[in-house]
Amino acid sequence: MEAALPIAYAVPDDDSRRTPGSAFRSALAAAAHAGPLEQILTALGRSPDRPTPLP
């Protein structure tokens with residue numbers, strides 16, 4: 001998982017993330033105690049607190 005962290009941080013956090021259909025949203029702030037998965041999620045604009053959708 002630590003290997004994926006630099007890749008997540010390398011994804012540009014620019015206006016392209018705000019266009020319709022973009023794969024990622026603007027980066028979020030990670031908590032000070034966030035582990036690697038939470039850091040990856042927030043770097044890609046995803047909230048680690050978001051509930052999983054039901055099938």
# chains A, B, ... in the order shown; residues from 1 in each chain; ligands from 1
>>> residues_around(residues="region 14-26 of chain A", least_positions_apart="6", cutoff="9 Å", atoms="only C-alpha atoms", output="list in words")
Thr42, Ala43, Leu44, Gly45 and Arg46 of chain A
>>> write_last_selection(atoms="N, CA and C atoms", output="short mmCIF file (atom, residue, chain, number, x, y, z; two decimals), in the first residue's frame")
data_model
loop_
_atom_site.label_atom_id
_atom_site.label_comp_id
_atom_site.auth_asym_id
_atom_site.auth_seq_id
_atom_site.Cartn_x
_atom_site.Cartn_y
_atom_site.Cartn_z
N THR A 42 -7.83 10.37 0.31
CA THR A 42 -7.98 11.82 0.38
C THR A 42 -7.18 12.51 -0.74
N ALA A 43 -6.03 11.96 -1.11
CA ALA A 43 -5.24 12.54 -2.20
C ALA A 43 -6.03 12.49 -3.51
N LEU A 44 -6.88 11.48 -3.65
CA LEU A 44 -7.68 11.33 -4.86
C LEU A 44 -9.08 11.91 -4.72
N GLY A 45 -9.32 12.62 -3.64
CA GLY A 45 -10.60 13.31 -3.47
C GLY A 45 -11.72 12.45 -2.92
N ARG A 46 -11.38 11.36 -2.29
CA ARG A 46 -12.39 10.47 -1.72
C ARG A 46 -12.34 10.55 -0.21
#
>>> select_by_dssp(residues="chain A", states="helix (DSSP H, G or I)", output="count of residues only")
19
>>> closest_residue(among="A:Leu54, A:Ala32, A:Ala27, A:Gln39", to="Met1 (chain A)", atoms="only C-alpha atoms")
A:Gln39
>>> residues_around(residues="Tyr9 (chain A)", least_positions_apart="2", cutoff="8 Å", atoms="only C-alpha atoms", output="PyMOL selection string")
chain A and resi 5-7+11-12+40+43-44
>>> write_last_selection(atoms="all heavy atoms", output="PDB file, in the first residue's frame")
ATOM      1  N   LEU A   5       1.017   5.147  -2.509  1.00  0.00           N
ATOM      2  CA  LEU A   5       0.881   6.505  -1.984  1.00  0.00           C
ATOM      3  C   LEU A   5       1.558   7.552  -2.868  1.00  0.00           C
ATOM      4  O   LEU A   5       0.922   8.548  -3.230  1.00  0.00           O
ATOM      5  CB  LEU A   5       1.389   6.566  -0.545  1.00  0.00           C
ATOM      6  CG  LEU A   5       1.105   7.830   0.238  1.00  0.00           C
ATOM      7  CD1 LEU A   5      -0.376   8.176   0.253  1.00  0.00           C
ATOM      8  CD2 LEU A   5       1.610   7.682   1.660  1.00  0.00           C
ATOM      9  N   PRO A   6       2.811   7.373  -3.285  1.00  0.00           N
ATOM     10  CA  PRO A   6       3.417   8.382  -4.158  1.00  0.00           C
ATOM     11  C   PRO A   6       2.702   8.509  -5.502  1.00  0.00           C
ATOM     12  O   PRO A   6       2.657   9.585  -6.091  1.00  0.00           O
ATOM     13  CB  PRO A   6       4.852   7.897  -4.359  1.00  0.00           C
ATOM     14  CG  PRO A   6       5.066   6.782  -3.427  1.00  0.00           C
ATOM     15  CD  PRO A   6       3.752   6.344  -2.887  1.00  0.00           C
ATOM     16  N   ILE A   7       2.120   7.407  -5.971  1.00  0.00           N
ATOM     17  CA  ILE A   7       1.381   7.453  -7.231  1.00  0.00           C
ATOM     18  C   ILE A   7       0.124   8.301  -7.063  1.00  0.00           C
ATOM     19  O   ILE A   7      -0.212   9.117  -7.916  1.00  0.00           O
ATOM     20  CB  ILE A   7       1.044   6.028  -7.705  1.00  0.00           C
ATOM     21  CG1 ILE A   7       2.336   5.275  -8.014  1.00  0.00           C
ATOM     22  CG2 ILE A   7       0.118   6.056  -8.918  1.00  0.00           C
ATOM     23  CD1 ILE A   7       2.179   3.797  -8.212  1.00  0.00           C
ATOM     24  N   VAL A  11      -0.902  12.222  -9.040  1.00  0.00           N
ATOM     25  CA  VAL A  11      -2.046  12.578  -9.889  1.00  0.00           C
ATOM     26  C   VAL A  11      -2.265  14.084  -9.749  1.00  0.00           C
ATOM     27  O   VAL A  11      -2.427  14.584  -8.628  1.00  0.00           O
ATOM     28  CB  VAL A  11      -3.315  11.799  -9.468  1.00  0.00           C
ATOM     29  CG1 VAL A  11      -4.528  12.255 -10.264  1.00  0.00           C
ATOM     30  CG2 VAL A  11      -3.093  10.305  -9.638  1.00  0.00           C
ATOM     31  N   PRO A  12      -2.265  14.820 -10.875  1.00  0.00           N
ATOM     32  CA  PRO A  12      -2.415  16.281 -10.783  1.00  0.00           C
ATOM     33  C   PRO A  12      -3.708  16.687 -10.074  1.00  0.00           C
ATOM     34  O   PRO A  12      -4.773  16.123 -10.333  1.00  0.00           O
ATOM     35  CB  PRO A  12      -2.444  16.731 -12.239  1.00  0.00           C
ATOM     36  CG  PRO A  12      -1.787  15.627 -12.998  1.00  0.00           C
ATOM     37  CD  PRO A  12      -2.103  14.375 -12.237  1.00  0.00           C
ATOM     38  N   ILE A  40      -4.211   7.878   0.621  1.00  0.00           N
ATOM     39  CA  ILE A  40      -4.465   7.647  -0.805  1.00  0.00           C
ATOM     40  C   ILE A  40      -5.855   8.144  -1.173  1.00  0.00           C
ATOM     41  O   ILE A  40      -6.040   8.854  -2.167  1.00  0.00           O
ATOM     42  CB  ILE A  40      -4.301   6.155  -1.150  1.00  0.00           C
ATOM     43  CG1 ILE A  40      -2.838   5.737  -1.040  1.00  0.00           C
ATOM     44  CG2 ILE A  40      -4.850   5.849  -2.547  1.00  0.00           C
ATOM     45  CD1 ILE A  40      -2.606   4.239  -1.067  1.00  0.00           C
ATOM     46  N   ALA A  43      -6.026  11.965  -1.106  1.00  0.00           N
ATOM     47  CA  ALA A  43      -5.244  12.542  -2.202  1.00  0.00           C
ATOM     48  C   ALA A  43      -6.026  12.491  -3.509  1.00  0.00           C
ATOM     49  O   ALA A  43      -5.879  13.356  -4.365  1.00  0.00           O
ATOM     50  CB  ALA A  43      -3.915  11.813  -2.353  1.00  0.00           C
ATOM     51  N   LEU A  44      -6.884  11.483  -3.645  1.00  0.00           N
ATOM     52  CA  LEU A  44      -7.678  11.325  -4.858  1.00  0.00           C
ATOM     53  C   LEU A  44      -9.083  11.906  -4.717  1.00  0.00           C
ATOM     54  O   LEU A  44      -9.931  11.691  -5.582  1.00  0.00           O
ATOM     55  CB  LEU A  44      -7.731   9.846  -5.252  1.00  0.00           C
ATOM     56  CG  LEU A  44      -6.360   9.227  -5.544  1.00  0.00           C
ATOM     57  CD1 LEU A  44      -6.502   7.743  -5.814  1.00  0.00           C
ATOM     58  CD2 LEU A  44      -5.671   9.940  -6.691  1.00  0.00           C
TER      59      LEU A  44
END
>>> atom_distance(atom1="CA of Ala4 (chain A)", atom2="CA of Leu37 (chain A)")
8.9 Å
>>> closest_residue(among="A:Ala3, A:Ala29, A:Ala10, A:Glu38", to="Arg50 (chain A)", atoms="only C-alpha atoms")
A:Glu38
>>> decode(residues="region 3-40 of chain A", atoms="N, CA, C and O atoms", output="compact mmCIF listing (two decimals), in the first residue's frame")
# COMPACT_ATOMS: atom_id res chain seq x y z
N ALA A 3 3.52 1.70 -1.55
CA ALA A 3 3.99 1.96 -2.92
C ALA A 3 2.97 2.76 -3.72
O ALA A 3 3.34 3.50 -4.63
N ALA A 4 1.70 2.65 -3.39
CA ALA A 4 0.65 3.37 -4.11
C ALA A 4 0.54 4.83 -3.68
O ALA A 4 0.02 5.65 -4.44
N LEU A 5 1.02 5.15 -2.51
CA LEU A 5 0.88 6.51 -1.98
C LEU A 5 1.56 7.55 -2.87
O LEU A 5 0.92 8.55 -3.23
N PRO A 6 2.81 7.37 -3.28
CA PRO A 6 3.42 8.38 -4.16
C PRO A 6 2.70 8.51 -5.50
O PRO A 6 2.66 9.59 -6.09
N ILE A 7 2.12 7.41 -5.97
CA ILE A 7 1.38 7.45 -7.23
C ILE A 7 0.12 8.30 -7.06
O ILE A 7 -0.21 9.12 -7.92
N ALA A 8 -0.58 8.12 -5.95
CA ALA A 8 -1.78 8.93 -5.68
C ALA A 8 -1.42 10.41 -5.58
O ALA A 8 -2.15 11.26 -6.10
N TYR A 9 -0.30 10.71 -4.94
CA TYR A 9 0.12 12.11 -4.82
C TYR A 9 0.60 12.68 -6.15
O TYR A 9 0.61 13.90 -6.34
N ALA A 10 0.98 11.82 -7.10
CA ALA A 10 1.46 12.28 -8.40
C ALA A 10 0.32 12.66 -9.35
O ALA A 10 0.55 13.34 -10.34
N VAL A 11 -0.90 12.22 -9.04
CA VAL A 11 -2.05 12.58 -9.89
C VAL A 11 -2.26 14.08 -9.75
O VAL A 11 -2.43 14.58 -8.63
N PRO A 12 -2.26 14.82 -10.87
CA PRO A 12 -2.41 16.28 -10.78
C PRO A 12 -3.71 16.69 -10.07
O PRO A 12 -4.77 16.12 -10.33
N ASP A 13 -3.59 17.62 -9.16
CA ASP A 13 -4.76 18.15 -8.44
C ASP A 13 -5.04 19.54 -9.02
O ASP A 13 -4.73 20.55 -8.43
N ASP A 14 -5.62 19.53 -10.22
CA ASP A 14 -5.87 20.79 -10.91
C ASP A 14 -7.32 20.86 -11.37
O ASP A 14 -8.16 20.07 -10.93
N ASP A 15 -7.61 21.80 -12.25
CA ASP A 15 -8.99 22.01 -12.71
C ASP A 15 -9.56 20.80 -13.44
O ASP A 15 -10.78 20.66 -13.53
N SER A 16 -8.72 19.92 -13.95
CA SER A 16 -9.24 18.74 -14.65
C SER A 16 -10.06 17.85 -13.73
O SER A 16 -10.92 17.10 -14.19
N ARG A 17 -9.82 17.94 -12.44
CA ARG A 17 -10.60 17.12 -11.49
C ARG A 17 -12.00 17.67 -11.28
O ARG A 17 -12.84 17.00 -10.70
N ARG A 18 -12.25 18.87 -11.72
CA ARG A 18 -13.56 19.48 -11.52
C ARG A 18 -14.46 19.38 -12.76
O ARG A 18 -15.57 19.86 -12.75
N THR A 19 -13.96 18.74 -13.81
CA THR A 19 -14.77 18.60 -15.02
C THR A 19 -15.70 17.41 -14.88
O THR A 19 -15.38 16.43 -14.19
N PRO A 20 -16.87 17.48 -15.51
CA PRO A 20 -17.80 16.35 -15.44
C PRO A 20 -17.14 15.06 -15.96
O PRO A 20 -16.42 15.08 -16.95
N GLY A 21 -17.37 13.98 -15.26
CA GLY A 21 -16.83 12.69 -15.64
C GLY A 21 -15.41 12.43 -15.19
O GLY A 21 -14.85 11.38 -15.49
N SER A 22 -14.83 13.37 -14.46
CA SER A 22 -13.46 13.18 -13.97
C SER A 22 -13.41 11.99 -13.01
O SER A 22 -14.33 11.78 -12.22
N ALA A 23 -12.34 11.23 -13.09
CA ALA A 23 -12.18 10.05 -12.23
C ALA A 23 -11.94 10.42 -10.77
O ALA A 23 -12.24 9.64 -9.87
N PHE A 24 -11.37 11.61 -10.55
CA PHE A 24 -11.02 12.02 -9.20
C PHE A 24 -11.59 13.40 -8.90
O PHE A 24 -11.84 14.18 -9.80
N ARG A 25 -11.78 13.68 -7.63
CA ARG A 25 -12.20 15.01 -7.17
C ARG A 25 -10.99 15.73 -6.60
O ARG A 25 -9.92 15.15 -6.46
N SER A 26 -11.18 16.98 -6.25
CA SER A 26 -10.10 17.74 -5.63
C SER A 26 -9.66 17.04 -4.35
O SER A 26 -10.48 16.48 -3.63
N ALA A 27 -8.37 17.09 -4.08
CA ALA A 27 -7.82 16.43 -2.90
C ALA A 27 -8.45 16.98 -1.62
O ALA A 27 -8.81 18.15 -1.55
N LEU A 28 -8.60 16.11 -0.66
CA LEU A 28 -9.12 16.48 0.66
C LEU A 28 -7.96 16.48 1.65
O LEU A 28 -6.92 15.85 1.40
N ALA A 29 -8.15 17.11 2.76
CA ALA A 29 -7.13 17.10 3.82
C ALA A 29 -7.21 15.77 4.58
O ALA A 29 -8.30 15.36 4.98
N ALA A 30 -6.09 15.13 4.73
CA ALA A 30 -6.03 13.89 5.50
C ALA A 30 -5.83 14.22 6.97
O ALA A 30 -5.17 15.20 7.32
N ALA A 31 -6.41 13.41 7.82
CA ALA A 31 -6.22 13.58 9.26
C ALA A 31 -4.74 13.36 9.61
O ALA A 31 -4.03 12.63 8.92
N ALA A 32 -4.29 13.99 10.67
CA ALA A 32 -2.89 13.88 11.09
C ALA A 32 -2.49 12.43 11.37
O ALA A 32 -1.35 12.04 11.14
N HIS A 33 -3.42 11.63 11.82
CA HIS A 33 -3.14 10.23 12.16
C HIS A 33 -3.51 9.25 11.05
O HIS A 33 -3.53 8.05 11.26
N ALA A 34 -3.80 9.76 9.85
CA ALA A 34 -4.26 8.92 8.74
C ALA A 34 -3.21 7.92 8.31
O ALA A 34 -2.02 8.24 8.21
N GLY A 35 -3.66 6.71 8.07
CA GLY A 35 -2.79 5.67 7.56
C GLY A 35 -2.65 5.79 6.04
O GLY A 35 -3.26 6.67 5.42
N PRO A 36 -1.89 4.91 5.43
CA PRO A 36 -1.66 5.00 3.99
C PRO A 36 -2.93 4.94 3.15
O PRO A 36 -3.06 5.70 2.18
N LEU A 37 -3.87 4.06 3.47
CA LEU A 37 -5.10 3.97 2.67
C LEU A 37 -5.89 5.27 2.75
O LEU A 37 -6.36 5.78 1.73
N GLU A 38 -6.04 5.82 3.93
CA GLU A 38 -6.76 7.09 4.08
C GLU A 38 -6.05 8.21 3.33
O GLU A 38 -6.69 9.06 2.72
N GLN A 39 -4.72 8.22 3.34
CA GLN A 39 -3.97 9.24 2.62
C GLN A 39 -4.18 9.10 1.11
O GLN A 39 -4.32 10.10 0.41
N ILE A 40 -4.21 7.88 0.62
CA ILE A 40 -4.46 7.65 -0.81
C ILE A 40 -5.86 8.14 -1.17
O ILE A 40 -6.04 8.85 -2.17
